[in-house]
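> Enclosed is the structure file target_38.cif (mmCIF, C-alpha atoms).
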data_input
#
loop_
_atom_site.group_PDB
_atom_site.id
_atom_site.type_symbol
_atom_site.label_atom_id
_atom_site.label_comp_id
_atom_site.auth_asym_id
_atom_site.auth_seq_id
_atom_site.Cartn_x
_atom_site.Cartn_y
_atom_site.Cartn_z
ATOM 1 C CA MET A 57 -3.364 21.920 8.358
ATOM 2 C CA LYS A 58 -4.967 20.036 5.466
ATOM 3 C CA ARG A 59 -6.081 16.424 5.894
ATOM 4 C CA THR A 60 -7.351 14.233 3.055
ATOM 5 C CA PHE A 61 -9.486 11.109 3.359
ATOM 6 C CA TYR A 62 -10.534 8.742 0.570
ATOM 7 C CA SER A 63 -13.097 5.950 0.171
ATOM 8 C CA ASN A 64 -13.797 3.480 -2.653
ATOM 9 C CA GLY A 65 -17.051 3.193 -4.538
ATOM 10 C CA LYS A 66 -18.954 -0.099 -4.683
ATOM 11 C CA LEU A 67 -20.832 -2.596 -6.806
ATOM 12 C CA LEU A 68 -22.967 -5.346 -5.267
ATOM 13 C CA ILE A 69 -22.721 -8.463 -7.438
ATOM 14 C CA THR A 70 -24.761 -10.992 -5.440
ATOM 15 C CA GLY A 71 -26.956 -10.942 -2.357
ATOM 16 C CA GLU A 72 -28.933 -7.804 -3.097
ATOM 17 C CA TYR A 73 -31.815 -7.283 -0.641
ATOM 18 C CA LEU A 74 -31.173 -10.621 1.092
ATOM 19 C CA VAL A 75 -27.942 -9.213 2.543
ATOM 20 C CA LEU A 76 -30.183 -7.165 4.851
ATOM 21 C CA ASP A 77 -31.300 -10.430 6.457
ATOM 22 C CA GLY A 78 -27.911 -12.101 6.866
ATOM 23 C CA ALA A 79 -27.253 -13.578 3.408
ATOM 24 C CA LYS A 80 -23.737 -13.666 1.952
ATOM 25 C CA ALA A 81 -23.085 -10.876 -0.528
ATOM 26 C CA PHE A 82 -20.279 -10.657 -3.064
ATOM 27 C CA ALA A 83 -19.175 -7.063 -3.661
ATOM 28 C CA LEU A 84 -16.466 -5.310 -5.648
ATOM 29 C CA PRO A 85 -14.793 -2.033 -4.640
ATOM 30 C CA THR A 86 -14.382 0.261 -7.645
ATOM 31 C CA LYS A 87 -11.449 2.302 -8.926
ATOM 32 C CA PHE A 88 -13.755 5.297 -8.518
ATOM 33 C CA GLY A 89 -14.470 6.928 -5.164
ATOM 34 C CA GLN A 90 -14.559 10.189 -3.235
ATOM 35 C CA ASN A 91 -12.106 12.425 -1.375
ATOM 36 C CA LEU A 92 -12.824 14.543 1.694
ATOM 37 C CA ILE A 93 -10.403 17.399 2.361
ATOM 38 C CA ILE A 94 -10.574 19.075 5.777
ATOM 39 C CA GLU A 95 -8.915 22.355 6.756
ATOM 40 C CA ASN A 96 -9.248 24.449 9.877
ATOM 41 C CA GLY A 97 -11.817 27.244 9.742
ATOM 42 C CA SER A 98 -13.513 29.702 12.073
ATOM 43 C CA ASN A 99 -16.860 31.091 13.329
ATOM 44 C CA GLN A 100 -17.956 27.749 14.852
ATOM 45 C CA GLU A 101 -19.153 26.525 11.461
ATOM 46 C CA ILE A 102 -18.275 24.233 8.566
ATOM 47 C CA GLN A 103 -18.008 25.790 5.117
ATOM 48 C CA TRP A 104 -18.846 22.850 2.861
ATOM 49 C CA LYS A 105 -18.276 22.451 -0.887
ATOM 50 C CA SER A 106 -18.944 19.304 -2.908
ATOM 51 C CA TYR A 107 -17.478 18.879 -6.388
ATOM 52 C CA ASN A 108 -18.543 16.468 -9.112
ATOM 53 C CA ILE A 109 -15.936 14.799 -11.333
ATOM 54 C CA ASP A 110 -16.183 17.698 -13.803
ATOM 55 C CA GLU A 111 -14.995 19.998 -10.975
ATOM 56 C CA LYS A 112 -18.350 21.776 -10.877
ATOM 57 C CA ILE A 113 -19.831 22.409 -7.440
ATOM 58 C CA TRP A 114 -23.030 20.406 -6.919
ATOM 59 C CA PHE A 115 -23.529 21.415 -3.282
ATOM 60 C CA GLU A 116 -22.315 24.383 -1.257
ATOM 61 C CA ASP A 117 -23.512 25.596 2.131
ATOM 62 C CA THR A 118 -22.464 26.596 5.628
ATOM 63 C CA ILE A 119 -23.463 24.476 8.617
ATOM 64 C CA SER A 120 -23.094 25.970 12.080
ATOM 65 C CA PHE A 121 -21.811 23.888 14.980
ATOM 66 C CA ASN A 122 -25.142 24.577 16.714
ATOM 67 C CA GLU A 123 -27.038 22.983 13.819
ATOM 68 C CA ILE A 124 -24.809 19.908 14.076
ATOM 69 C CA ILE A 125 -25.178 19.645 17.870
ATOM 70 C CA ASN A 126 -28.963 20.146 17.925
ATOM 71 C CA ASN A 127 -30.005 18.708 14.530
ATOM 72 C CA VAL A 128 -33.517 20.150 14.549
ATOM 73 C CA LYS A 129 -35.625 17.899 12.322
ATOM 74 C CA ALA A 130 -36.487 19.586 9.031
ATOM 75 C CA GLU A 131 -39.828 19.159 7.280
ATOM 76 C CA ILE A 132 -38.171 18.848 3.889
ATOM 77 C CA GLU A 133 -35.134 16.621 3.374
ATOM 78 C CA THR A 134 -32.346 18.400 1.509
ATOM 79 C CA VAL A 135 -28.645 17.735 0.927
ATOM 80 C CA LYS A 136 -27.905 20.058 3.834
ATOM 81 C CA THR A 137 -30.316 18.370 6.267
ATOM 82 C CA THR A 138 -28.961 14.919 5.319
ATOM 83 C CA LEU A 139 -25.365 16.074 5.789
ATOM 84 C CA THR A 140 -26.254 17.753 9.083
ATOM 85 C CA THR A 141 -27.832 14.504 10.320
ATOM 86 C CA ILE A 142 -24.666 12.522 9.484
ATOM 87 C CA LEU A 143 -22.495 15.115 11.251
ATOM 88 C CA HIS A 144 -24.878 15.145 14.235
ATOM 89 C CA GLU A 145 -24.650 11.352 14.586
ATOM 90 C CA ALA A 146 -20.854 11.617 14.290
ATOM 91 C CA TYR A 147 -20.927 14.265 17.027
ATOM 92 C CA LEU A 148 -22.913 11.974 19.334
ATOM 93 C CA LEU A 149 -20.272 9.258 18.837
ATOM 94 C CA ASN A 150 -17.284 11.606 19.267
ATOM 95 C CA PRO A 151 -18.067 15.207 20.305
ATOM 96 C CA ALA A 152 -14.380 16.190 20.292
ATOM 97 C CA PHE A 153 -14.271 17.121 16.606
ATOM 98 C CA ILE A 154 -16.799 19.882 17.302
ATOM 99 C CA ASP A 155 -16.086 20.715 20.945
ATOM 100 C CA ASN A 156 -12.336 21.187 20.359
ATOM 101 C CA ALA A 157 -12.533 23.131 17.095
ATOM 102 C CA ASN A 158 -13.095 26.710 15.928
ATOM 103 C CA GLY A 159 -14.482 25.699 12.558
ATOM 104 C CA TYR A 160 -13.694 23.812 9.357
ATOM 105 C CA LYS A 161 -13.530 24.110 5.611
ATOM 106 C CA ALA A 162 -14.605 20.834 4.012
ATOM 107 C CA ILE A 163 -14.315 19.869 0.343
ATOM 108 C CA THR A 164 -15.553 16.631 -1.217
ATOM 109 C CA GLN A 165 -14.411 15.510 -4.667
ATOM 110 C CA LEU A 166 -16.026 12.650 -6.563
ATOM 111 C CA THR A 167 -13.889 10.733 -9.041
ATOM 112 C CA PHE A 168 -17.029 9.430 -10.818
ATOM 113 C CA PRO A 169 -20.151 11.189 -12.132
ATOM 114 C CA LYS A 170 -22.530 11.655 -9.203
ATOM 115 C CA ASN A 171 -25.455 10.004 -11.014
ATOM 116 C CA TRP A 172 -23.564 6.721 -11.538
ATOM 117 C CA GLY A 173 -24.706 5.372 -8.176
ATOM 118 C CA LEU A 174 -21.314 4.018 -7.133
ATOM 119 C CA GLY A 175 -21.647 5.311 -3.572
ATOM 120 C CA THR A 176 -21.823 9.082 -3.231
ATOM 121 C CA SER A 177 -23.377 8.619 0.213
ATOM 122 C CA SER A 178 -21.353 5.629 1.438
ATOM 123 C CA THR A 179 -18.010 7.159 0.443
ATOM 124 C CA LEU A 180 -18.986 10.411 2.148
ATOM 125 C CA LEU A 181 -20.086 8.600 5.281
ATOM 126 C CA ASN A 182 -16.908 6.535 5.487
ATOM 127 C CA ASN A 183 -14.774 9.647 4.936
ATOM 128 C CA ILE A 184 -16.608 11.505 7.701
ATOM 129 C CA ALA A 185 -16.094 8.507 10.002
ATOM 130 C CA GLN A 186 -12.338 8.529 9.259
ATOM 131 C CA TRP A 187 -12.138 12.268 9.894
ATOM 132 C CA THR A 188 -14.099 12.166 13.160
ATOM 133 C CA GLN A 189 -12.403 8.915 14.284
ATOM 134 C CA ILE A 190 -15.546 6.847 14.749
ATOM 135 C CA ASP A 191 -16.799 3.503 13.440
ATOM 136 C CA ALA A 192 -18.341 3.932 9.989
ATOM 137 C CA PHE A 193 -20.731 0.983 10.383
ATOM 138 C CA THR A 194 -22.135 2.500 13.593
ATOM 139 C CA LEU A 195 -22.475 5.860 11.858
ATOM 140 C CA LEU A 196 -24.367 4.192 9.003
ATOM 141 C CA LYS A 197 -26.682 2.368 11.408
ATOM 142 C CA ASN A 198 -27.433 5.595 13.288
ATOM 143 C CA SER A 199 -28.043 7.700 10.159
ATOM 144 C CA PHE A 200 -29.104 6.031 6.882
ATOM 145 C CA GLY A 201 -29.421 2.405 7.841
ATOM 146 C CA GLY A 202 -28.729 -0.343 5.300
ATOM 147 C CA SER A 203 -26.645 -3.499 5.216
ATOM 148 C CA GLY A 204 -23.226 -1.807 5.265
ATOM 149 C CA TYR A 205 -21.686 -3.709 2.346
ATOM 150 C CA ASP A 206 -20.994 -0.319 0.719
ATOM 151 C CA ILE A 207 -19.019 0.800 3.787
ATOM 152 C CA ALA A 208 -17.015 -2.428 3.592
ATOM 153 C CA CYS A 209 -16.199 -1.658 -0.057
ATOM 154 C CA ALA A 210 -15.220 1.896 0.915
ATOM 155 C CA GLN A 211 -12.642 0.435 3.297
ATOM 156 C CA ASN A 212 -11.289 -2.513 1.262
ATOM 157 C CA ASP A 213 -9.119 -2.553 -1.834
ATOM 158 C CA SER A 214 -10.015 -6.045 -3.021
ATOM 159 C CA PRO A 215 -13.207 -8.079 -3.649
ATOM 160 C CA ILE A 216 -15.142 -9.025 -0.517
ATOM 161 C CA ILE A 217 -17.720 -11.383 0.871
ATOM 162 C CA TYR A 218 -19.962 -9.487 3.251
ATOM 163 C CA ARG A 219 -22.670 -10.584 5.656
ATOM 164 C CA LEU A 220 -24.414 -9.495 8.823
ATOM 165 C CA GLU A 221 -24.253 -11.729 11.876
ATOM 166 C CA ASN A 222 -26.356 -10.547 14.832
ATOM 167 C CA ASN A 223 -26.475 -7.186 13.033
ATOM 168 C CA SER A 224 -22.672 -6.940 13.083
ATOM 169 C CA PRO A 225 -20.699 -6.755 9.811
ATOM 170 C CA ILE A 226 -18.475 -9.691 8.835
ATOM 171 C CA VAL A 227 -16.076 -8.762 6.021
ATOM 172 C CA GLU A 228 -13.866 -11.280 4.242
ATOM 173 C CA SER A 229 -11.359 -10.217 1.565
ATOM 174 C CA ILE A 230 -11.165 -12.762 -1.235
ATOM 175 C CA ASN A 231 -9.094 -13.426 -4.332
ATOM 176 C CA PHE A 232 -11.209 -12.879 -7.412
ATOM 177 C CA ASN A 233 -9.113 -12.618 -10.559
ATOM 178 C CA PRO A 234 -10.985 -14.681 -13.140
ATOM 179 C CA ASP A 235 -9.307 -15.581 -16.432
ATOM 180 C CA PHE A 236 -12.444 -14.329 -18.160
ATOM 181 C CA SER A 237 -12.481 -10.801 -16.697
ATOM 182 C CA GLN A 238 -12.138 -9.457 -20.248
ATOM 183 C CA ASN A 239 -15.660 -10.817 -20.860
ATOM 184 C CA ILE A 240 -17.167 -8.790 -17.984
ATOM 185 C CA TYR A 241 -18.513 -5.299 -18.674
ATOM 186 C CA PHE A 242 -20.525 -2.700 -16.788
ATOM 187 C CA VAL A 243 -23.222 -0.698 -18.549
ATOM 188 C CA TYR A 244 -24.842 2.393 -17.070
ATOM 189 C CA LEU A 245 -28.616 2.509 -17.487
ATOM 190 C CA ASN A 246 -28.975 6.295 -17.022
ATOM 191 C CA LYS A 247 -31.641 5.707 -14.405
ATOM 192 C CA LYS A 248 -30.971 6.480 -10.744
ATOM 193 C CA GLN A 249 -32.705 4.075 -8.390
ATOM 194 C CA SER A 250 -33.658 4.889 -4.832
ATOM 195 C CA SER A 251 -32.230 2.270 -2.478
ATOM 196 C CA LYS A 252 -34.875 3.198 0.098
ATOM 197 C CA GLN A 253 -37.713 2.461 -2.358
ATOM 198 C CA ALA A 254 -36.124 -0.790 -3.473
ATOM 199 C CA ILE A 255 -35.592 -1.971 0.103
ATOM 200 C CA SER A 256 -39.204 -1.114 0.900
ATOM 201 C CA ALA A 257 -40.350 -3.173 -2.098
ATOM 202 C CA TYR A 258 -38.222 -6.088 -0.889
ATOM 203 C CA TYR A 259 -39.800 -6.049 2.558
ATOM 204 C CA ASN A 260 -43.276 -5.844 1.052
ATOM 205 C CA ASN A 261 -42.591 -8.896 -1.130
ATOM 206 C CA LYS A 262 -40.502 -10.902 1.312
ATOM 207 C CA ASN A 263 -42.261 -14.195 1.886
ATOM 208 C CA ASN A 264 -42.146 -17.003 4.417
ATOM 209 C CA HIS A 265 -39.265 -18.784 2.680
ATOM 210 C CA LEU A 266 -36.562 -16.435 3.948
ATOM 211 C CA SER A 267 -34.279 -19.135 5.408
ATOM 212 C CA LYS A 268 -34.397 -21.158 2.182
ATOM 213 C CA ASN A 269 -33.910 -18.016 0.086
ATOM 214 C CA ILE A 270 -30.788 -17.123 2.070
ATOM 215 C CA LEU A 271 -29.469 -20.683 1.764
ATOM 216 C CA ASP A 272 -30.044 -20.642 -2.001
ATOM 217 C CA ASN A 273 -28.431 -17.222 -2.300
ATOM 218 C CA ASN A 274 -25.340 -18.392 -0.422
ATOM 219 C CA LYS A 275 -24.973 -21.445 -2.686
ATOM 220 C CA ILE A 276 -25.241 -19.270 -5.792
ATOM 221 C CA THR A 277 -22.801 -16.708 -4.367
ATOM 222 C CA ASP A 278 -20.262 -19.482 -3.714
ATOM 223 C CA ALA A 279 -20.758 -20.754 -7.282
ATOM 224 C CA VAL A 280 -20.179 -17.265 -8.702
ATOM 225 C CA ILE A 281 -16.935 -16.798 -6.781
ATOM 226 C CA LYS A 282 -15.609 -20.271 -7.514
ATOM 227 C CA ALA A 283 -16.559 -20.357 -11.216
ATOM 228 C CA LYS A 284 -13.603 -21.571 -13.268
ATOM 229 C CA THR A 285 -15.032 -20.856 -16.702
ATOM 230 C CA LEU A 286 -16.996 -18.056 -18.328
ATOM 231 C CA LYS A 287 -19.897 -20.466 -18.873
ATOM 232 C CA GLU A 288 -20.057 -21.428 -15.162
ATOM 233 C CA PHE A 289 -19.842 -17.780 -14.118
ATOM 234 C CA ALA A 290 -22.568 -16.676 -16.544
ATOM 235 C CA GLN A 291 -24.864 -19.543 -15.534
ATOM 236 C CA SER A 292 -24.458 -18.792 -11.818
ATOM 237 C CA LEU A 293 -25.255 -15.099 -12.321
ATOM 238 C CA GLN A 294 -28.290 -16.024 -14.410
ATOM 239 C CA ASN A 295 -29.482 -18.326 -11.604
ATOM 240 C CA HIS A 296 -29.071 -15.426 -9.183
ATOM 241 C CA GLU A 297 -31.187 -13.107 -11.373
ATOM 242 C CA ILE A 298 -33.983 -15.666 -11.579
ATOM 243 C CA HIS A 299 -33.831 -16.247 -7.826
ATOM 244 C CA ILE A 300 -34.154 -12.543 -6.932
ATOM 245 C CA SER A 301 -36.767 -12.071 -9.668
ATOM 246 C CA ASP A 302 -38.935 -14.701 -7.993
ATOM 247 C CA ILE A 303 -38.553 -13.092 -4.554
ATOM 248 C CA LEU A 304 -39.293 -9.544 -5.742
ATOM 249 C CA GLU A 305 -41.948 -10.672 -8.222
ATOM 250 C CA LEU A 306 -40.262 -8.485 -10.817
ATOM 251 C CA GLN A 307 -39.005 -9.173 -14.326
ATOM 252 C CA THR A 308 -35.258 -9.464 -14.690
ATOM 253 C CA ILE A 309 -33.576 -6.521 -16.406
ATOM 254 C CA LYS A 310 -32.801 -8.730 -19.410
ATOM 255 C CA GLU A 311 -36.444 -9.794 -19.814
ATOM 256 C CA LYS A 312 -37.547 -6.197 -19.455
ATOM 257 C CA ALA A 313 -35.021 -4.319 -21.580
ATOM 258 C CA PHE A 314 -32.608 -6.632 -23.419
ATOM 259 C CA PRO A 315 -34.451 -9.868 -24.348
ATOM 260 C CA ASP A 316 -32.556 -10.221 -27.648
ATOM 261 C CA PHE A 317 -29.068 -9.840 -26.134
ATOM 262 C CA ASN A 318 -26.756 -12.822 -26.601
ATOM 263 C CA GLY A 319 -25.259 -12.975 -23.117
ATOM 264 C CA VAL A 320 -26.113 -12.415 -19.456
ATOM 265 C CA VAL A 321 -27.279 -9.077 -18.030
ATOM 266 C CA LYS A 322 -27.190 -8.936 -14.226
ATOM 267 C CA SER A 323 -28.820 -6.213 -12.112
ATOM 268 C CA LEU A 324 -26.532 -4.727 -9.471
ATOM 269 C CA GLY A 325 -27.794 -3.272 -6.200
ATOM 270 C CA ALA A 326 -31.226 -1.659 -6.473
ATOM 271 C CA TRP A 327 -32.971 -3.397 -9.370
ATOM 272 C CA GLY A 328 -33.702 -1.355 -12.475
ATOM 273 C CA GLY A 329 -31.150 1.426 -12.214
ATOM 274 C CA ASP A 330 -27.532 2.495 -12.113
ATOM 275 C CA PHE A 331 -25.158 -0.148 -13.558
ATOM 276 C CA VAL A 332 -25.732 -3.665 -14.813
ATOM 277 C CA MET A 333 -23.042 -6.324 -15.200
ATOM 278 C CA VAL A 334 -22.847 -7.804 -18.672
ATOM 279 C CA ILE A 335 -21.232 -11.157 -19.475
ATOM 280 C CA SER A 336 -20.499 -11.564 -23.157
ATOM 281 C CA LYS A 337 -18.142 -13.592 -25.365
ATOM 282 C CA ASP A 338 -17.907 -10.644 -27.769
ATOM 283 C CA ASP A 339 -17.609 -6.910 -27.132
ATOM 284 C CA PRO A 340 -21.216 -5.840 -26.380
ATOM 285 C CA GLY A 341 -20.554 -2.161 -27.095
ATOM 286 C CA TYR A 342 -22.372 -1.962 -30.417
ATOM 287 C CA TYR A 343 -25.504 -3.645 -29.022
ATOM 288 C CA PHE A 344 -25.860 -1.357 -25.990
ATOM 289 C CA VAL A 345 -24.972 1.842 -27.869
ATOM 290 C CA SER A 346 -27.653 0.955 -30.430
ATOM 291 C CA LYS A 347 -30.112 0.739 -27.530
ATOM 292 C CA GLY A 348 -29.081 4.185 -26.274
ATOM 293 C CA TYR A 349 -26.657 3.140 -23.515
ATOM 294 C CA ASP A 350 -23.228 4.537 -24.299
ATOM 295 C CA THR A 351 -21.483 4.342 -20.910
ATOM 296 C CA ILE A 352 -19.791 0.948 -21.051
ATOM 297 C CA LEU A 353 -16.784 0.103 -18.871
ATOM 298 C CA THR A 354 -14.585 -2.967 -18.925
ATOM 299 C CA TYR A 355 -13.849 -4.914 -15.750
ATOM 300 C CA ASP A 356 -10.348 -3.443 -15.594
ATOM 301 C CA GLU A 357 -11.645 0.110 -16.022
ATOM 302 C CA MET A 358 -14.173 -0.279 -13.211
ATOM 303 C CA ILE A 359 -12.876 -2.696 -10.582
ATOM 304 C CA LEU A 360 -10.109 -2.172 -8.073
ATOM 305 C CA ARG A 361 -7.502 -4.908 -7.928
ATOM 306 C CA GLU A 362 -4.803 -5.134 -5.279
#
Using C-alpha cells, write down the structure that the file contains.


Amino acid sequence: MKRTFYSNGKLLITGEYLVLDGAKAFALPTKFGQNLIIENGSNQEIQWKSYNIDEKIWFEDTISFNEIINNVKAEIETVKTTLTTILHEAYLLNPAFIDNANGYKAITQLTFPKNWGLGTSSTLLNNIAQWTQIDAFTLLKNSFGGSGYDIACAQNDSPIIYRLENNSPIVESINFNPDFSQNIYFVYLNKKQSSKQAISAYYNNKNNHLSKNILDNNKITDAVIKAKTLKEFAQSLQNHEIHISDILELQTIKEKAFPDFNGVVKSLGAWGGDFVMVISKDDPGYYFVSKGYDTILTYDEMILRE
C-alpha cells in the first residue's frame, strides 16, 4: 500500500528572530513544497531516497529499525544522522510505526530546488509527523528546535500570523490578498544561510529591550498586514528592516547589496541568504539580473492562495 503526504514550503515576512521570544510573525506558505511517499518494505529497515526537483537523487541510504530505536550519537552530523534523529524522536512519541512494521520504502520529492531554502527540513519533518501520526510541533521541539512557524506554514494553505505563548504555537489564518500583489517579487540570493548560525547571532546580540522590541515588532507586523496601499506596505516593511537591523547590529540587505535600487528589499528568515522580498512599482527583473540574480518570482508564482 502506497501512502503520500505533502507539506507546504514557507517564507517568513515579519518577526524573524523575535518570533523565538513570543513576537507575532507574519508568514506565507508557498506553492512549492515536498512529498513523502511511504510503501511497505522488509528486513526491519527503511530504504530511503530523496529526490530534488530535477528528479535527481540527492540522498539515498538504508536505516535499520535498530538505528532508529537506539539513535547512537554520531561524531559527524550527516543527512543520515539527522534523519535518524528525527525518526528516533518520532519513535519515542509513537513506537507503533516501527514496532508494528516489517520495513518501509520511503521517497521524498521536492517541488523546489533544494538550495532555495523554502523548508526542506520543515516539510520533511511535518510529513514524517503525518506519517507517524504525531504532533509536528512536538517533533520539531524534540529534534531541531526553532519557533515552529515553518511547521505552521507546512500545515496551512493561506497566510498566517504565528506566535509562541508559553512555548505553545498559536496559529491564526488571515486574509491577505493585497491589490498591489503584482508589485511584490521574490529574488533568490544564491546564498544558503544557516538558521542555527543566525539564531545564535540573534541571542548574542539580544539586548535588554526585548519587551519593547517585541511590542514594536507586533505594531509593525499589524501595519504590514493592514496596509491598504503599496506605499504603506513598503514603508512598514522598511521600518521592519531598520528595526531588526538595529537589534542584530547588522546592515540591511539593501544597504549591503542594493543601495541604488529604487524600491524596498526585505530580508526573509535568516538574514543575508535565500530569498528577499522586493517591493517595486516597476518590474525589477532587469536590475537584479544585471547584478547577477536571475531567479525572480512574482507573488502569484511563489505564494499559495486559498

> List the residues selected by the PyMOL selection byres ((chain A and resi 299-314) around 10) in the file shown, writing them as a ChimeraX atom specification.

/A:70-74,254,257-263,265-266,269,272-273,276,293-298,315-323,327-329,332,343-344,347

> Got a sec to resolve the PyMOL selection byres ((chain A and resi 357) around 10) on this structure and send the residues as a PyMOL selection string?

chain A and resi 86-88+241-242+352-356+358-360

> Rank nothing, just name the residue among A:Gln103, A:Thr194, A:Asn246, A:Asn183 nearest to Glu145 of chain A, using all atoms listed in the file.

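Nearest candidate to Glu145 of chain A out of A:Gln103, A:Thr194, A:Asn246, A:Asn183: A:Thr194.
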
> What's around Asn233 of chain A at 12 Å? Count only C-alpha atoms, leave out sequence neighbours fewer than 6 positions away in its own chain, and write the answer as a VMD selection string.

chain A and resid 84 214 to 215 240 281 to 285 355 to 356 359 to 362

> So how many Å separate atom CA of Ala162 of chain A and atom CA of Asp213 of chain A, to one decimal?

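According to the coordinates, atom CA of Ala162 of chain A and atom CA of Asp213 of chain A are separated by 24.7 Å.
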
> Using the chain letters and numbers from the file, which residues does the PyMOL selection byres ((chain A and resi 325) around 6) grab, as a ChimeraX atom specification?

/A:68,72,324,326

> Which centre and which edge lengths, in Å to one decimal, describe the axis-aligned box that holds all listed atoms of segment 158-161 of chain A after 5 Å is added on each side, as lines of an AutoDock Vina configuration file?


center_x = -13.8
center_y = 25.3
center_z = 10.8
size_x = 11.4
size_y = 12.9
size_z = 20.3

> My list of candidates is A:Ser177, A:Gln165, A:Asn231, A:Ser203. Which is closest to Trp114 of chain A when distances are computed with all atoms listed in the file?

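That would be A:Gln165, the residue with the smallest distance to Trp114 of chain A.
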
> Kindly give the distance, in Å, that separates atom CA of Pro225 of chain A and atom CA of Ser292 of chain A, rounded to a single decimal.

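Atom-to-atom, atom CA of Pro225 of chain A and atom CA of Ser292 of chain A are spaced 25.0 Å apart.
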
> What separation in Å, quoted to one decimal, exists between atom CA of Lys275 of chain A and atom CA of Arg219 of chain A?

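Taking atom CA of Lys275 of chain A as the start and atom CA of Arg219 of chain A as the end point, the length is 13.9 Å.
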
> Name the closest residue to Ile335 of chain A among the candidates A:Leu286, A:Gly173, A:Asn223, A:Glu111; distances are taken between atoms, counting all atoms listed in the file.

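Under the stated criterion, the closest residue is A:Leu286.
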